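For reference, start_1.cif (mmCIF, C-alpha atoms):
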data_run
loop_
_atom_site.label_atom_id
_atom_site.label_comp_id
_atom_site.auth_asym_id
_atom_site.auth_seq_id
_atom_site.Cartn_x
_atom_site.Cartn_y
_atom_site.Cartn_z
CA LYS O 1 111.65 100.44 77.87
CA MET O 2 112.43 99.18 81.34
CA ARG O 3 115.40 99.11 83.71
CA VAL O 4 116.12 95.74 85.32
CA MET O 5 118.37 95.34 88.36
CA SER O 6 119.86 92.29 90.06
CA PHE O 7 121.52 92.66 93.45
CA ASN O 8 122.98 90.06 95.81
CA THR O 9 122.89 92.11 99.01
CA THR O 10 125.12 89.88 101.23
CA CYS O 11 123.21 88.23 104.04
CA SER O 12 122.95 89.74 107.50
CA TYR O 13 124.22 86.75 109.50
CA LEU O 14 127.65 85.05 109.18
CA CYS O 15 128.18 86.56 105.72
CA GLU O 16 129.97 89.80 106.48
CA LYS O 17 133.10 88.30 108.09
CA GLY O 18 134.49 91.68 109.05
CA ASN O 19 134.86 92.84 105.45
CA TYR O 20 131.68 94.89 105.38
CA ASP O 21 129.73 97.18 107.64
CA LYS O 22 126.93 95.71 109.72
CA TYR O 23 123.61 95.00 108.09
CA LYS O 24 121.89 97.71 110.15
CA LYS O 25 123.94 100.22 108.14
CA ARG O 26 124.06 98.38 104.85
CA LYS O 27 120.29 98.02 104.57
CA TYR O 28 120.01 101.80 104.10
CA TRP O 29 122.70 101.66 101.44
CA ILE O 30 120.80 98.89 99.65
CA VAL O 31 117.74 101.13 99.55
CA ASP O 32 119.85 104.04 98.29
CA THR O 33 121.28 101.83 95.53
CA VAL O 34 117.78 101.05 94.30
CA LYS O 35 116.50 104.62 94.54
CA ARG O 36 119.54 106.15 92.82
CA ASN O 37 119.29 103.80 89.84
CA ASN O 38 115.48 103.83 89.75
CA PRO O 39 114.89 100.39 88.20
CA ASP O 40 111.44 99.18 87.16
CA LEU O 41 112.24 95.58 88.12
CA VAL O 42 114.54 94.52 90.96
CA ALA O 43 115.71 91.03 91.92
CA PHE O 44 117.22 90.71 95.40
CA GLN O 45 119.25 87.73 96.48
CA GLU O 46 120.54 86.79 99.92
CA VAL O 47 117.99 88.66 101.98
CA LEU O 48 117.54 86.14 104.78
CA ALA O 49 114.15 86.77 106.34
CA SER O 50 110.70 87.99 105.41
CA HIS O 51 110.78 90.73 108.05
CA GLN O 52 113.85 92.16 106.30
CA LEU O 53 111.98 92.13 103.00
CA HIS O 54 109.07 93.96 104.54
CA TRP O 55 111.43 96.59 105.91
CA PHE O 56 112.63 97.13 102.33
CA LYS O 57 109.01 97.22 101.18
CA LYS O 58 108.30 100.12 103.56
CA LYS O 59 111.29 102.02 102.19
CA LEU O 60 110.52 101.17 98.57
CA LYS O 61 106.85 102.08 98.57
CA ASP O 62 106.70 102.41 94.79
CA TYR O 63 107.23 98.65 94.38
CA THR O 64 105.17 95.50 94.78
CA LEU O 65 107.00 92.76 96.67
CA VAL O 66 106.85 89.16 95.42
CA TYR O 67 108.45 86.27 97.31
CA HIS O 68 107.63 82.78 98.60
CA ARG O 69 105.08 82.75 101.39
CA LYS O 70 102.98 79.60 101.46
CA TYR O 71 99.87 79.89 103.63
CA PHE O 72 101.69 82.67 105.51
CA PHE O 73 103.46 80.02 107.61
CA PHE O 74 106.44 79.05 105.47
CA ARG O 75 108.23 82.08 104.05
CA TYR O 76 111.45 82.09 102.05
CA ALA O 77 113.06 85.42 101.21
CA ASP O 78 115.78 84.44 98.73
CA PRO O 79 115.12 85.44 95.97
CA ALA O 80 112.65 88.34 96.09
CA LEU O 81 111.19 90.51 93.35
CA PHE O 82 110.34 94.21 93.58
CA ILE O 83 108.13 95.45 90.74
CA LYS O 84 107.37 99.12 90.16
CA LYS O 85 103.65 99.68 90.63
CA SER O 86 103.34 102.58 88.20
CA LYS O 87 104.95 100.57 85.40
CA PHE O 88 103.63 97.02 85.84
CA LYS O 89 100.62 95.17 87.13
CA VAL O 90 101.34 91.77 88.72
CA ILE O 91 98.97 89.26 87.08
CA ARG O 92 100.23 86.10 88.72
CA SER O 93 103.27 84.90 90.65
CA GLY O 94 104.80 81.63 91.74
CA GLY O 95 107.98 79.65 92.00
CA PHE O 96 109.60 76.27 92.44
CA TRP O 97 112.47 74.57 94.23
CA LEU O 98 115.70 73.45 92.62
CA GLY O 99 116.63 69.83 93.26
CA PRO O 100 116.08 66.18 92.28
CA ARG O 101 112.46 66.05 93.57
CA GLY O 102 110.90 67.80 90.62
CA TYR O 103 109.84 71.28 91.69
CA ARG O 104 109.21 70.28 95.31
CA PHE O 105 111.18 71.41 98.35
CA SER O 106 114.74 70.14 98.20
CA PHE O 107 118.23 70.60 99.57
CA GLY O 108 119.71 70.23 96.08
CA TRP O 109 121.36 67.39 94.22
CA LYS O 110 124.29 67.72 96.59
CA MET O 111 123.28 68.69 100.13
CA ALA O 112 123.19 72.46 100.55
CA MET O 113 120.84 75.32 101.41
CA PRO O 114 117.43 75.07 99.70
CA ARG O 115 117.35 77.08 96.48
CA ARG O 116 114.37 78.23 94.46
CA VAL O 117 113.21 80.23 91.48
CA GLN O 118 110.65 82.99 92.00
CA TRP O 119 108.70 84.48 89.09
CA ALA O 120 105.95 86.97 88.35
CA ARG O 121 103.80 87.36 85.27
CA ILE O 122 103.48 91.10 84.84
CA GLN O 123 101.71 93.44 82.42
CA ASP O 124 102.99 96.80 81.26
CA ARG O 125 100.31 99.33 82.20
CA GLU O 126 100.91 101.44 79.09
CA THR O 127 101.47 98.87 76.33
CA ASN O 128 99.72 95.81 77.86
CA GLN O 129 102.83 93.76 77.04
CA ILE O 130 103.06 90.59 79.17
CA VAL O 131 106.50 89.71 80.55
CA TYR O 132 107.73 87.01 82.91
CA PHE O 133 110.20 88.39 85.46
CA SER O 134 112.15 85.78 87.40
CA SER O 135 115.10 85.40 89.74
CA SER O 136 117.10 82.82 91.64
CA HIS O 137 120.22 82.36 93.69
CA PHE O 138 121.87 79.16 92.50
CA ASP O 139 123.93 77.18 94.97
CA ASN O 140 127.69 77.46 94.51
CA ARG O 141 128.35 73.71 94.47
CA SER O 142 129.24 72.74 90.92
CA LYS O 143 126.68 69.96 90.56
CA ASN O 144 123.86 72.06 91.99
CA LYS O 145 124.38 75.16 89.88
CA THR O 146 124.86 73.21 86.65
CA LYS O 147 121.65 71.22 87.17
CA SER O 148 119.80 74.34 88.35
CA ALA O 149 120.45 75.95 84.98
CA LYS O 150 118.99 72.91 83.20
CA VAL O 151 115.89 72.91 85.41
CA PHE O 152 115.32 76.62 84.84
CA VAL O 153 115.50 76.25 81.06
CA LYS O 154 113.11 73.30 81.11
CA ALA O 155 110.64 75.04 83.43
CA PHE O 156 110.23 78.03 81.09
CA ALA O 157 110.52 76.16 77.79
CA LYS O 158 106.81 76.48 76.96
CA VAL O 159 106.36 80.10 77.99
CA LYS O 160 105.49 82.14 74.92
CA HIS O 161 105.86 85.58 76.48
CA PRO O 162 109.18 87.42 76.90
CA ILE O 163 111.20 86.23 79.90
CA ILE O 164 113.68 88.19 82.01
CA PHE O 165 115.90 86.20 84.36
CA ALA O 166 117.89 88.42 86.76
CA ALA O 167 119.90 86.30 89.15
CA ASP O 168 123.03 85.39 91.03
CA THR O 169 123.73 82.12 89.23
CA ASN O 170 127.22 81.56 90.65
CA LEU O 171 128.07 80.78 87.02
CA ARG O 172 130.84 82.56 85.15
CA PRO O 173 130.54 82.81 81.35
CA HIS O 174 132.94 79.91 80.67
CA MET O 175 131.01 77.42 82.85
CA GLU O 176 128.73 74.65 81.61
CA GLY O 177 125.62 75.93 83.36
CA PHE O 178 126.06 79.38 81.83
CA GLN O 179 126.26 77.82 78.38
CA THR O 180 123.03 75.93 79.11
CA LEU O 181 121.27 79.20 79.90
CA ASN O 182 122.90 80.98 76.98
CA GLU O 183 121.44 78.52 74.50
CA LYS O 184 117.93 79.74 75.29
CA PHE O 185 118.60 83.21 76.71
CA TYR O 186 120.66 86.19 75.61
CA ASP O 187 123.22 87.45 78.08
CA SER O 188 122.19 91.11 78.16
CA PHE O 189 125.83 92.10 78.63
CA ASP O 190 126.72 90.60 75.24
CA ILE O 191 124.12 92.60 73.30
CA LYS O 192 124.45 95.91 75.13
CA GLU O 193 124.90 99.15 73.19
CA SER O 194 126.76 100.94 75.98
CA PHE O 195 128.36 100.24 79.36
CA GLU O 196 128.17 102.39 82.49
CA MET O 197 129.92 102.39 85.86
CA VAL O 198 127.96 104.27 88.52
CA ARG O 199 130.50 105.36 91.13
CA ASN O 200 131.39 107.98 93.72
CA SER O 201 135.07 107.14 94.29
CA ASP O 202 138.19 106.03 92.48
CA THR O 203 137.06 102.58 91.36
CA ASP O 204 137.87 100.82 88.09
CA ILE O 205 136.21 98.32 85.80
CA HIS O 206 137.48 95.31 87.79
CA ASP O 207 135.61 96.55 90.85
CA SER O 208 132.55 95.38 88.92
CA CYS O 209 133.42 91.83 89.97
CA ASN O 210 132.16 89.74 92.82
CA ILE O 211 135.20 90.32 95.07
CA GLU O 212 135.48 86.77 96.38
CA LYS O 213 135.46 85.12 92.98
CA ALA O 214 137.80 86.95 90.60
CA THR O 215 139.32 90.29 89.75
CA VAL O 216 139.07 90.34 85.95
CA PHE O 217 135.95 91.84 84.41
CA PRO O 218 133.88 90.69 82.52
CA GLU O 219 135.07 87.09 82.91
CA CYS O 220 134.34 87.24 86.66
CA ARG O 221 130.61 87.85 86.26
CA VAL O 222 128.23 85.57 88.17
CA ASP O 223 125.31 88.04 88.38
CA HIS O 224 123.42 88.14 85.11
CA ILE O 225 120.36 89.51 83.38
CA PHE O 226 119.20 86.99 80.79
CA LEU O 227 116.58 87.67 78.08
CA SER O 228 114.61 84.99 76.20
CA ARG O 229 116.01 84.29 72.72
CA ASP O 230 112.55 83.75 71.24
CA HIS O 231 112.02 87.50 71.32
CA GLN O 232 113.73 90.55 69.88
CA TRP O 233 115.41 92.65 72.56
CA GLN O 234 117.34 95.86 72.56
CA VAL O 235 119.75 96.55 75.44
CA PHE O 236 120.45 100.26 75.38
CA ASN O 237 122.74 100.28 78.38
CA TRP O 238 124.29 97.81 80.84
CA GLY O 239 125.58 99.16 84.13
CA VAL O 240 127.20 98.25 87.41
CA ASP O 241 126.88 100.21 90.64
CA GLN O 242 130.24 100.69 92.38
CA TYR O 243 129.17 103.15 95.08
CA LYS O 244 130.98 103.03 98.40
CA TYR O 245 129.54 104.16 101.72
CA GLY O 246 130.38 104.93 105.32
CA SER O 247 133.43 106.19 107.16
CA LYS O 248 135.47 103.23 105.90
CA ASN O 249 134.44 103.78 102.27
CA ARG O 250 133.24 100.23 101.72
CA PHE O 251 131.07 98.51 99.17
CA THR O 252 127.56 97.61 100.29
CA SER O 253 127.99 93.95 99.41
CA ASP O 254 130.55 91.48 98.09
CA HIS O 255 128.50 91.69 94.87
CA ARG O 256 127.86 94.78 92.81
CA ALA O 257 124.32 95.64 91.81
CA ILE O 258 123.94 95.34 88.03
CA PHE O 259 121.26 96.80 85.78
CA ALA O 260 120.24 96.83 82.15
CA ASP O 261 118.00 99.18 80.19
CA VAL O 262 116.05 96.93 77.87
CA GLU O 263 113.13 96.89 75.47
CA VAL O 264 111.33 93.94 73.89
CA LYS O 265 109.99 94.41 70.39
#

Written as structure tokens, that's how I'd like the structure from this file.
Amino acid sequence: KMRVMSFNTTCSYLCEKGNYDKYKKRKYWIVDTVKRNNPDLVAFQEVLASHQLHWFKKKLKDYTLVYHRKYFFFRYADPALFIKKSKFKVIRSGGFWLGPRGYRFSFGWKMAMPRRVQWARIQDRETNQIVYFSSSHFDNRSKNKTKSAKVFVKAFAKVKHPIIFAADTNLRPHMEGFQTLNEKFYDSFDIKESFEMVRNSDTDIHDSCNIEKATVFPECRVDHIFLSRDHQWQVFNWGVDQYKYGSKNRFTSDHRAIFADVEVK
């Protein structure tokens, strides 16, 4: 069994727009969110810089950090994987860019921020089970996110081991790109046995949404944990963290952290 978390943390520059506390406060709340929920695998999106990731690494000492750092000169922090050392050994890691140039660096099919997929091949220290853990942060432009889903499916089509994809896809369940992913991957939310809201104030189920996108849960979901359909999975529990912090009782991010307790047979 393992707990998987995906968390778009809201970037530290030009993202907060007065609706959230400053990053210098929120970064401690991000760490608290991880520690309270104690996931084995964490996918962060929207951390802007490698020095921010390494600050998290110092606070989350039980985890191995995996992100893009080519020759130590070109580093790209979004997405980033944190993998619990006591649970998994990282065998290999890598990634690729999303765009029309194959897997090479790109600004997308329609000009936007560069987007990439990051993955790690990991081995359970107790069972020796091999799993691929991956994440991404798809661009919000319709053409980019739809094609990103197709590229992701194609890239992992020949992988025989179980695959976990925890990501901010910017895709709601009714969208074309989501359906592309759903053909090859289970939406863990759909096969869950129970649902949990982790909260410390008077929130409701619709506070599980990404605030800027919709108010109706679960149709509003853009953050997902997908599981490869070629394998038998059990999702014991699917949860969303609705904790609020600070004197103004605010959410840490415009996204909620989500998690799923899963097992592959």

Next on the checklist: Just the number, please: distance in Å from atom CA of Lys27 of chain O to atom CA of Asp241 of chain O, one decimal.
Outcome noted: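 Between these atoms lies a distance of 15.6 Å.
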
Show which residues sit within 8 Å of Ile130 of chain O, as a short mmCIF file (atom, residue, chain, number, x, y, z; two decimals) with C-alpha atoms, keeping the file's coordinate frame. Count only C-alpha atoms, and ignore same-chain residues fewer than 4 positions away.
data_model
loop_
_atom_site.label_atom_id
_atom_site.label_comp_id
_atom_site.auth_asym_id
_atom_site.auth_seq_id
_atom_site.Cartn_x
_atom_site.Cartn_y
_atom_site.Cartn_z
CA ARG O 121 103.80 87.36 85.27
CA ILE O 122 103.48 91.10 84.84
CA GLN O 123 101.71 93.44 82.42
CA ASP O 124 102.99 96.80 81.26
CA HIS O 161 105.86 85.58 76.48
CA PRO O 162 109.18 87.42 76.90
#

Set the distance at 12 Å and use only C-alpha atoms: which residues neighbour segment 196-199 of chain O once local chain neighbours fewer than 3 positions away are removed? I'd like the list as an mmCIF file with C-alpha atoms, in the coordinates of the input.
data_model
loop_
_atom_site.group_PDB
_atom_site.id
_atom_site.type_symbol
_atom_site.label_atom_id
_atom_site.label_comp_id
_atom_site.auth_asym_id
_atom_site.auth_seq_id
_atom_site.Cartn_x
_atom_site.Cartn_y
_atom_site.Cartn_z
ATOM 1 C CA THR O 33 121.280 101.830 95.530
ATOM 2 C CA ARG O 36 119.540 106.150 92.820
ATOM 3 C CA ASN O 37 119.290 103.800 89.840
ATOM 4 C CA PHE O 189 125.830 92.100 78.630
ATOM 5 C CA LYS O 192 124.450 95.910 75.130
ATOM 6 C CA GLU O 193 124.900 99.150 73.190
ATOM 7 C CA ASP O 202 138.190 106.030 92.480
ATOM 8 C CA THR O 203 137.060 102.580 91.360
ATOM 9 C CA ASP O 204 137.870 100.820 88.090
ATOM 10 C CA ILE O 205 136.210 98.320 85.800
ATOM 11 C CA HIS O 206 137.480 95.310 87.790
ATOM 12 C CA ASP O 207 135.610 96.550 90.850
ATOM 13 C CA SER O 208 132.550 95.380 88.920
ATOM 14 C CA CYS O 209 133.420 91.830 89.970
ATOM 15 C CA PHE O 236 120.450 100.260 75.380
ATOM 16 C CA ASN O 237 122.740 100.280 78.380
ATOM 17 C CA TRP O 238 124.290 97.810 80.840
ATOM 18 C CA GLY O 239 125.580 99.160 84.130
ATOM 19 C CA VAL O 240 127.200 98.250 87.410
ATOM 20 C CA ASP O 241 126.880 100.210 90.640
ATOM 21 C CA GLN O 242 130.240 100.690 92.380
ATOM 22 C CA TYR O 243 129.170 103.150 95.080
ATOM 23 C CA LYS O 244 130.980 103.030 98.400
ATOM 24 C CA TYR O 245 129.540 104.160 101.720
ATOM 25 C CA ASN O 249 134.440 103.780 102.270
ATOM 26 C CA PHE O 251 131.070 98.510 99.170
ATOM 27 C CA ARG O 256 127.860 94.780 92.810
ATOM 28 C CA ALA O 257 124.320 95.640 91.810
ATOM 29 C CA ILE O 258 123.940 95.340 88.030
ATOM 30 C CA PHE O 259 121.260 96.800 85.780
ATOM 31 C CA ALA O 260 120.240 96.830 82.150
ATOM 32 C CA ASP O 261 118.000 99.180 80.190
#

Checklist outcome for this item: Here atom CA of Phe133 of chain O and atom CA of Val216 of chain O stand apart by 28.9 Å

Next on the checklist: Need the shell around Thr146 of chain O: protein/DNA/RNA residues with any atom at most 9 Å away, counting only C-alpha atoms. Skip same-chain ones fewer than 6 positions apart. Format as a list in words?
Outcome noted: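 Here the answer would be Phe138, Leu171, Met175, Glu176, Gly177, Phe178 and Thr180 of chain O.
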